[in-house]
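Asker: Coordinates in protein-v1.cif, mmCIF, C-alpha atoms, are listed below.
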```cif
data_my_file
#
loop_
_atom_site.label_atom_id
_atom_site.label_comp_id
_atom_site.auth_asym_id
_atom_site.auth_seq_id
_atom_site.Cartn_x
_atom_site.Cartn_y
_atom_site.Cartn_z
CA SER A 272 -33.14 -17.76 -15.72
CA SER A 273 -34.18 -18.21 -12.09
CA SER A 274 -32.62 -21.69 -12.05
CA SER A 275 -29.19 -20.50 -13.19
CA SER A 276 -29.35 -17.59 -10.72
CA PHE A 277 -30.07 -20.07 -7.93
CA TRP A 278 -27.03 -22.21 -8.75
CA LEU A 279 -24.81 -19.14 -9.06
CA SER A 280 -26.01 -17.98 -5.64
CA LEU A 281 -25.40 -21.46 -4.21
CA LYS A 282 -21.88 -21.54 -5.66
CA SER A 283 -21.17 -18.08 -4.22
CA TYR A 284 -22.44 -19.21 -0.82
CA LYS A 285 -20.23 -22.34 -0.86
CA ASN A 286 -17.17 -20.25 -1.73
CA LYS A 287 -17.96 -17.83 1.08
CA LEU A 288 -18.44 -20.73 3.51
CA LYS A 289 -15.04 -22.17 2.57
CA MET A 290 -13.43 -18.77 3.09
CA ASP A 291 -15.09 -18.46 6.51
CA ILE A 292 -13.81 -21.91 7.48
CA ASP A 293 -10.27 -21.06 6.34
CA LEU A 294 -10.38 -17.83 8.32
CA SER A 295 -11.67 -19.64 11.42
CA LYS A 296 -8.81 -22.17 11.19
CA TYR A 297 -6.32 -19.34 10.87
CA ILE A 298 -7.69 -17.53 13.93
CA ARG A 299 -7.73 -20.74 16.01
CA LYS A 300 -4.12 -21.38 14.99
CA LYS A 301 -3.26 -17.93 16.24
CA THR A 302 -5.13 -18.33 19.54
CA HIS A 303 -1.97 -18.78 21.58
CA GLN A 304 -0.02 -16.25 19.57
CA GLU A 305 -0.20 -12.50 19.63
CA LEU A 306 -2.43 -11.18 16.85
CA LEU A 307 -1.24 -7.83 15.53
CA LEU A 308 -4.11 -5.35 15.78
CA ASP A 309 -4.13 -1.82 14.46
CA GLU A 310 -5.81 1.08 16.25
CA ASN A 311 -9.18 0.07 14.75
CA ASN A 312 -8.90 -3.49 16.14
CA ASN A 313 -8.37 -4.94 12.68
CA VAL A 314 -5.97 -7.86 12.25
CA GLU A 315 -2.86 -6.67 10.45
CA ASP A 316 -1.29 -10.08 9.83
CA PHE A 317 -3.41 -12.09 7.39
CA SER A 318 -0.44 -14.25 6.23
CA ASN A 319 0.39 -14.86 2.58
CA ASN A 320 -2.52 -17.24 2.03
CA PRO A 321 -4.43 -15.85 -1.02
CA MET A 322 -7.73 -17.20 0.35
CA ILE A 323 -7.19 -15.43 3.64
CA LYS A 324 -6.19 -12.18 1.93
CA THR A 325 -9.54 -12.06 0.14
CA ARG A 326 -11.12 -11.74 3.56
CA CYS A 327 -9.32 -8.50 4.29
CA ILE A 328 -12.21 -6.07 4.53
CA LYS A 329 -10.05 -3.01 4.09
CA GLU A 330 -8.71 -4.21 0.74
CA PHE A 331 -12.18 -5.14 -0.47
CA TYR A 332 -13.27 -1.50 -0.30
CA ASP A 333 -10.23 -0.09 -2.11
CA ASP A 334 -11.19 2.15 -5.08
CA CYS A 335 -14.91 1.58 -4.45
CA ASN A 336 -17.81 4.01 -4.49
CA ILE A 337 -20.61 3.25 -2.02
CA PHE A 338 -24.28 4.22 -1.89
CA VAL A 339 -26.00 4.24 1.51
CA THR A 340 -29.65 4.75 2.42
CA GLY A 341 -30.77 5.36 5.99
CA SER A 342 -27.52 7.20 6.72
CA THR A 343 -29.05 9.38 9.46
CA GLY A 344 -30.25 6.42 11.52
CA PHE A 345 -28.21 4.73 14.25
CA LEU A 346 -26.97 1.86 12.09
CA GLY A 347 -26.33 4.10 9.09
CA LYS A 348 -24.19 6.57 11.05
CA VAL A 349 -22.13 3.82 12.69
CA LEU A 350 -21.60 2.14 9.31
CA ILE A 351 -20.45 5.32 7.55
CA GLU A 352 -18.15 6.39 10.39
CA LYS A 353 -16.49 2.96 10.45
CA LEU A 354 -16.02 2.90 6.68
CA LEU A 355 -14.52 6.40 6.57
CA ARG A 356 -12.23 5.80 9.54
CA THR A 357 -10.89 2.36 8.66
CA CYS A 358 -11.13 1.94 4.88
CA ASP A 359 -9.06 4.78 3.48
CA GLY A 360 -9.13 3.30 -0.03
CA ILE A 361 -12.80 4.19 -0.49
CA GLN A 362 -13.35 6.78 -3.21
CA LYS A 363 -16.78 8.20 -2.38
CA ILE A 364 -19.82 7.45 -0.22
CA TYR A 365 -23.09 8.69 -1.68
CA ILE A 366 -25.79 9.12 0.98
CA LEU A 367 -29.50 9.49 0.26
CA LEU A 368 -31.02 12.36 2.25
CA ARG A 369 -34.62 13.52 2.16
CA PRO A 370 -35.98 16.95 3.12
CA LYS A 371 -37.47 16.87 6.62
CA ARG A 372 -39.65 19.29 8.56
CA GLY A 373 -38.98 22.12 6.12
CA VAL A 374 -35.22 21.56 6.09
CA GLY A 375 -33.74 20.75 2.67
CA SER A 376 -31.46 17.80 1.91
CA GLU A 377 -28.34 19.94 1.47
CA GLN A 378 -28.91 21.77 4.74
CA ARG A 379 -29.47 18.48 6.55
CA PHE A 380 -26.24 17.21 5.01
CA GLU A 381 -24.28 20.16 6.44
CA GLU A 382 -25.69 19.39 9.89
CA TYR A 383 -24.99 15.70 9.38
CA LEU A 384 -21.28 16.39 8.93
CA LYS A 385 -21.23 18.05 12.38
CA ASN A 386 -22.60 14.92 14.11
CA PRO A 387 -20.56 13.89 17.20
CA ILE A 388 -20.05 10.40 15.78
CA PHE A 389 -17.50 11.87 13.34
CA GLU A 390 -15.46 13.54 16.10
CA ARG A 391 -12.55 11.08 15.84
CA ILE A 392 -12.40 11.64 12.09
CA ARG A 393 -12.51 15.43 12.45
CA LEU A 394 -9.61 15.33 14.91
CA LYS A 395 -7.43 12.90 13.00
CA ASN A 396 -8.24 13.24 9.28
CA PRO A 397 -11.04 15.74 8.56
CA ASP A 398 -10.41 15.67 4.80
CA VAL A 399 -11.94 12.18 4.71
CA LEU A 400 -15.37 13.75 5.24
CA HIS A 401 -15.11 15.21 1.73
CA LYS A 402 -15.72 11.68 0.45
CA LEU A 403 -19.34 12.00 1.58
CA ILE A 404 -21.65 13.12 -1.23
CA CYS A 405 -25.28 14.14 -0.64
CA ILE A 406 -27.90 12.66 -2.97
CA PRO A 407 -31.22 14.47 -2.41
CA GLY A 408 -34.15 12.07 -2.59
CA ASP A 409 -36.77 10.13 -0.68
CA ILE A 410 -37.09 6.34 -0.50
CA ASN A 411 -40.89 6.77 -0.34
CA ASP A 412 -41.08 8.38 -3.78
CA ALA A 413 -40.97 6.86 -7.25
CA ASN A 414 -37.36 6.35 -8.39
CA ILE A 415 -36.49 7.22 -4.75
CA GLY A 416 -37.03 10.87 -5.65
CA VAL A 417 -33.57 11.23 -7.20
CA SER A 418 -32.84 13.56 -10.13
CA GLU A 419 -31.91 12.13 -13.53
CA ALA A 420 -28.38 13.46 -13.18
CA ASP A 421 -27.91 11.76 -9.79
CA VAL A 422 -29.44 8.52 -11.08
CA LYS A 423 -26.88 8.54 -13.91
CA THR A 424 -24.09 9.12 -11.39
CA LEU A 425 -25.21 6.18 -9.26
CA HIS A 426 -25.68 3.88 -12.27
CA GLU A 427 -22.20 4.59 -13.61
CA ASN A 428 -20.12 4.77 -10.42
CA VAL A 429 -21.47 2.71 -7.52
CA HIS A 430 -19.79 -0.59 -6.61
CA ILE A 431 -21.45 -1.32 -3.26
CA VAL A 432 -24.92 -0.55 -1.88
CA PHE A 433 -26.00 -0.58 1.76
CA HIS A 434 -29.78 -0.27 2.01
CA VAL A 435 -30.42 0.59 5.66
CA ALA A 436 -33.45 2.91 5.37
CA ALA A 437 -36.49 1.45 7.15
CA THR A 438 -39.10 2.17 9.77
CA VAL A 439 -38.85 0.05 12.92
CA ARG A 440 -41.83 1.58 14.71
CA PHE A 441 -44.33 -1.06 15.74
CA ASN A 442 -47.18 1.46 15.69
CA GLU A 443 -46.44 2.72 12.18
CA PRO A 444 -49.54 2.79 9.92
CA LEU A 445 -49.36 -0.33 7.75
CA ILE A 446 -49.59 1.61 4.48
CA ASP A 447 -46.60 3.79 5.48
CA ALA A 448 -44.53 0.85 6.71
CA THR A 449 -45.24 -1.09 3.52
CA ASN A 450 -44.31 1.83 1.29
CA LEU A 451 -40.99 2.35 3.06
CA ASN A 452 -39.88 -1.17 4.01
CA THR A 453 -41.32 -3.18 1.11
CA PHE A 454 -41.74 -0.89 -1.88
CA GLY A 455 -38.78 1.23 -0.81
CA THR A 456 -36.59 -1.86 -0.94
CA GLN A 457 -38.01 -2.76 -4.35
CA ARG A 458 -37.13 0.73 -5.62
CA ILE A 459 -33.54 0.28 -4.42
CA MET A 460 -33.32 -3.13 -6.09
CA ASP A 461 -34.61 -1.62 -9.35
CA LEU A 462 -31.91 1.04 -9.11
CA CYS A 463 -29.24 -1.59 -8.44
CA THR A 464 -30.09 -3.65 -11.52
CA LYS A 465 -28.86 -0.77 -13.70
CA MET A 466 -25.59 -0.17 -11.83
CA THR A 467 -22.89 -1.25 -14.27
CA LYS A 468 -20.13 -1.64 -11.65
CA LEU A 469 -22.17 -3.16 -8.82
CA LYS A 470 -20.40 -5.86 -6.80
CA VAL A 471 -22.56 -6.15 -3.67
CA CYS A 472 -25.98 -4.99 -2.52
CA ASN A 473 -26.61 -5.45 1.19
CA SER A 474 -30.15 -4.84 2.44
CA GLN A 475 -30.51 -4.73 6.20
CA VAL A 476 -34.23 -4.20 5.72
CA ILE A 477 -34.75 -7.79 4.55
CA ASN A 478 -31.53 -9.12 6.11
CA ALA A 479 -30.31 -10.46 2.78
CA CYS A 480 -27.24 -10.01 0.64
CA ALA A 481 -27.10 -10.47 -3.11
CA CYS A 482 -23.74 -10.63 -4.83
CA MET A 483 -23.14 -9.99 -8.51
CA GLU A 484 -19.95 -10.53 -10.47
CA TYR A 485 -19.21 -8.93 -13.82
#
```
Represent the structure from my file as structure tokens, please.
Answerer:
Amino acid sequence: SSSSSFWLSLKSYKNKLKMDIDLSKYIRKKTHQELLLDENNNVEDFSNNPMIKTRCIKEFYDDCNIFVTGSTGFLGKVLIEKLLRTCDGIQKIYILLRPKRGVGSEQRFEEYLKNPIFERIRLKNPDVLHKLICIPGDINDANIGVSEADVKTLHENVHIVFHVAATVRFNEPLIDATNLNTFGTQRIMDLCTKMTKLKVCNSQVINACACMEY
């Protein structure tokens, strides 16, 4: 029911708040000490505190499959590059790509892999780019325009969803903006409800995060 969902969300929020407070105390304690940072500016020493260790972002993504919309936008590209470069435990990242100006999804994907933002990855560990999987589709279409086979793949394998696809043009026709930002988000949420391994769905379009535990 909606009431039980509310209390579960509240409990999850309180647990997250406590974890944030514990992490803040730890960082303040380390203020006058040298924090060990790796080449990606991530803290290496998280102590043996189990609560602190749950905050280790890198470990959170271990053995996870991720689905990303809006991957060709500024935020989407930065997100994917950071995940590939710093979270080597990730299994696969599925990215939704639509045909555009007569160029098919697969062809756009090949060009996407050549983007300058991935230069550091290409120089250091180019094999990581093989974790990127193109999912042809369009957020504007029913069922986000994805084939039945790809829908099955997403339902059975995805652990984390980043919904970043949106229009931010202030002069966008209202009907187009509504279809993409509102109904597009609803289509992604409908897809997420059938993902059997889903842990987190983060929607930057509505600036909200819903967590599910199974």
Asker: Of the candidates A:Arg379, A:Lys363, A:Lys385, A:Lys371, which one gets nearest to Val399 of chain A if we count all atoms listed in the file?
Answerer: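 The closest residue to Val399 of chain A is A:Lys363.
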Asker: Would you compute the distance between atom CA of Ile361 of chain A and atom CA of Val432 of chain A? Give it in Å to one decimal.
Answerer: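 Distance reported for this atom pair: 13.1 Å.
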Asker: Which residues, written as number ranges by chain, have at least one atom at most 12 Å from Leu367 of chain A, with only C-alpha atoms counted and residues fewer than 4 positions away on the same chain left out?
Answerer: A: 337-344, 347, 376-377, 379-380, 383, 403-411, 415-418, 421-422, 425, 432-436, 459
Asker: Give me, please, the distance in Å between atom CA of Asp398 of chain A and atom CA of Lys353 of chain A, quoted to one decimal.
Answerer: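 These two atoms are separated by 15.2 Å.
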Asker: Could you check how far atom CA of Leu384 of chain A sits from atom CA of Ile351 of chain A, in Å to one decimal?
Answerer: 11.2 Å
Asker: Could you please give me, as a VMD selection string, the residues of protein, DNA or RNA lying at most 12 Å from (-40.0, -0.8, -6.0) in the coordinate frame of the file, considering all atoms listed in the file?
Answerer: chain A and resid 410 to 415 449 to 464
Asker: Which residue, A:Pro397, A:Lys465, A:Pro370, A:Ser474, has the smallest gap to Ala437 of chain A when you use only C-alpha atoms?
Answerer: A:Ser474
Asker: Apply the PyMOL selection byres ((chain A and resi 391) around 12) to the displayed file and report the matching residues as a VMD selection string.
Answerer: chain A and resid 311 352 to 353 355 to 357 385 to 390 392 to 397 399 to 400
Asker: Generate a file of the selected residues that holds C-alpha atoms, formatted as a compact mmCIF listing (two decimals), in the frame of the given file.
Answerer:
```txt
# COMPACT_ATOMS: atom_id res chain seq x y z
CA ASN A 311 -9.18 0.07 14.75
CA GLU A 352 -18.15 6.39 10.39
CA LYS A 353 -16.49 2.96 10.45
CA LEU A 355 -14.52 6.40 6.57
CA ARG A 356 -12.23 5.80 9.54
CA THR A 357 -10.89 2.36 8.66
CA LYS A 385 -21.23 18.05 12.38
CA ASN A 386 -22.60 14.92 14.11
CA PRO A 387 -20.56 13.89 17.20
CA ILE A 388 -20.05 10.40 15.78
CA PHE A 389 -17.50 11.87 13.34
CA GLU A 390 -15.46 13.54 16.10
CA ILE A 392 -12.40 11.64 12.09
CA ARG A 393 -12.51 15.43 12.45
CA LEU A 394 -9.61 15.33 14.91
CA LYS A 395 -7.43 12.90 13.00
CA ASN A 396 -8.24 13.24 9.28
CA PRO A 397 -11.04 15.74 8.56
CA VAL A 399 -11.94 12.18 4.71
CA LEU A 400 -15.37 13.75 5.24
```
Asker: Kindly indicate which residue among A:Leu346, A:Gln378, A:Gly360, A:Lys423 lies nearest to Tyr332 of chain A, using all atoms listed in the file for the distances.
Answerer: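 Among the listed residues, A:Gly360 lies closest to Tyr332 of chain A.
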Asker: Using all atoms listed in the file, find the one residue out of A:Ile431, A:Leu445, A:Val349, A:Ala420 that sits nearest to Tyr365 of chain A.
Answerer: A:Ile431
Asker: Since the input lacks some atoms of segment 422-441 of chain A, please model N, CA and C atoms and print them as a PDB file, keeping the file's coordinate frame.
Answerer:
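out-v3.pdb, freshly written:
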```pdb
ATOM      1  N   VAL A 422     -29.206   9.918 -10.711  1.00  0.00           N
ATOM      2  CA  VAL A 422     -29.440   8.520 -11.080  1.00  0.00           C
ATOM      3  C   VAL A 422     -28.326   8.041 -12.007  1.00  0.00           C
ATOM      4  N   LYS A 423     -27.973   8.870 -12.972  1.00  0.00           N
ATOM      5  CA  LYS A 423     -26.880   8.540 -13.910  1.00  0.00           C
ATOM      6  C   LYS A 423     -25.562   8.353 -13.160  1.00  0.00           C
ATOM      7  N   THR A 424     -25.312   9.224 -12.199  1.00  0.00           N
ATOM      8  CA  THR A 424     -24.090   9.120 -11.390  1.00  0.00           C
ATOM      9  C   THR A 424     -24.041   7.800 -10.631  1.00  0.00           C
ATOM     10  N   LEU A 425     -25.157   7.433 -10.029  1.00  0.00           N
ATOM     11  CA  LEU A 425     -25.210   6.180  -9.260  1.00  0.00           C
ATOM     12  C   LEU A 425     -25.065   4.970 -10.189  1.00  0.00           C
ATOM     13  N   HIS A 426     -25.747   4.998 -11.318  1.00  0.00           N
ATOM     14  CA  HIS A 426     -25.680   3.880 -12.270  1.00  0.00           C
ATOM     15  C   HIS A 426     -24.254   3.644 -12.755  1.00  0.00           C
ATOM     16  N   GLU A 427     -23.514   4.709 -12.973  1.00  0.00           N
ATOM     17  CA  GLU A 427     -22.200   4.590 -13.610  1.00  0.00           C
ATOM     18  C   GLU A 427     -21.046   4.414 -12.617  1.00  0.00           C
ATOM     19  N   ASN A 428     -21.257   4.719 -11.337  1.00  0.00           N
ATOM     20  CA  ASN A 428     -20.120   4.770 -10.420  1.00  0.00           C
ATOM     21  C   ASN A 428     -20.176   3.849  -9.202  1.00  0.00           C
ATOM     22  N   VAL A 429     -21.352   3.433  -8.796  1.00  0.00           N
ATOM     23  CA  VAL A 429     -21.470   2.710  -7.520  1.00  0.00           C
ATOM     24  C   VAL A 429     -21.052   1.244  -7.648  1.00  0.00           C
ATOM     25  N   HIS A 430     -20.224   0.803  -6.686  1.00  0.00           N
ATOM     26  CA  HIS A 430     -19.790  -0.590  -6.610  1.00  0.00           C
ATOM     27  C   HIS A 430     -20.518  -1.370  -5.508  1.00  0.00           C
ATOM     28  N   ILE A 431     -20.878  -0.664  -4.431  1.00  0.00           N
ATOM     29  CA  ILE A 431     -21.450  -1.320  -3.260  1.00  0.00           C
ATOM     30  C   ILE A 431     -22.646  -0.513  -2.756  1.00  0.00           C
ATOM     31  N   VAL A 432     -23.724  -1.205  -2.407  1.00  0.00           N
ATOM     32  CA  VAL A 432     -24.920  -0.550  -1.880  1.00  0.00           C
ATOM     33  C   VAL A 432     -25.255  -1.115  -0.502  1.00  0.00           C
ATOM     34  N   PHE A 433     -25.475  -0.202   0.448  1.00  0.00           N
ATOM     35  CA  PHE A 433     -26.000  -0.580   1.760  1.00  0.00           C
ATOM     36  C   PHE A 433     -27.379   0.061   1.883  1.00  0.00           C
ATOM     37  N   HIS A 434     -28.414  -0.782   1.861  1.00  0.00           N
ATOM     38  CA  HIS A 434     -29.780  -0.270   2.010  1.00  0.00           C
ATOM     39  C   HIS A 434     -30.197  -0.454   3.471  1.00  0.00           C
ATOM     40  N   VAL A 435     -30.157   0.642   4.220  1.00  0.00           N
ATOM     41  CA  VAL A 435     -30.420   0.590   5.660  1.00  0.00           C
ATOM     42  C   VAL A 435     -31.696   1.345   6.030  1.00  0.00           C
ATOM     43  N   ALA A 436     -32.265   2.098   5.091  1.00  0.00           N
ATOM     44  CA  ALA A 436     -33.450   2.910   5.370  1.00  0.00           C
ATOM     45  C   ALA A 436     -34.657   2.012   5.655  1.00  0.00           C
ATOM     46  N   ALA A 437     -35.303   2.238   6.783  1.00  0.00           N
ATOM     47  CA  ALA A 437     -36.490   1.450   7.150  1.00  0.00           C
ATOM     48  C   ALA A 437     -37.164   2.095   8.350  1.00  0.00           C
ATOM     49  N   THR A 438     -38.422   1.775   8.542  1.00  0.00           N
ATOM     50  CA  THR A 438     -39.100   2.170   9.770  1.00  0.00           C
ATOM     51  C   THR A 438     -39.155   0.954  10.689  1.00  0.00           C
ATOM     52  N   VAL A 439     -38.827   1.151  11.946  1.00  0.00           N
ATOM     53  CA  VAL A 439     -38.850   0.050  12.920  1.00  0.00           C
ATOM     54  C   VAL A 439     -39.879   0.330  14.016  1.00  0.00           C
ATOM     55  N   ARG A 440     -40.770   1.275  13.745  1.00  0.00           N
ATOM     56  CA  ARG A 440     -41.830   1.580  14.710  1.00  0.00           C
ATOM     57  C   ARG A 440     -42.930   0.533  14.620  1.00  0.00           C
ATOM     58  N   PHE A 441     -43.291  -0.020  15.731  1.00  0.00           N
ATOM     59  CA  PHE A 441     -44.330  -1.060  15.740  1.00  0.00           C
ATOM     60  C   PHE A 441     -45.729  -0.485  15.617  1.00  0.00           C
TER      61      PHE A 441
END
```
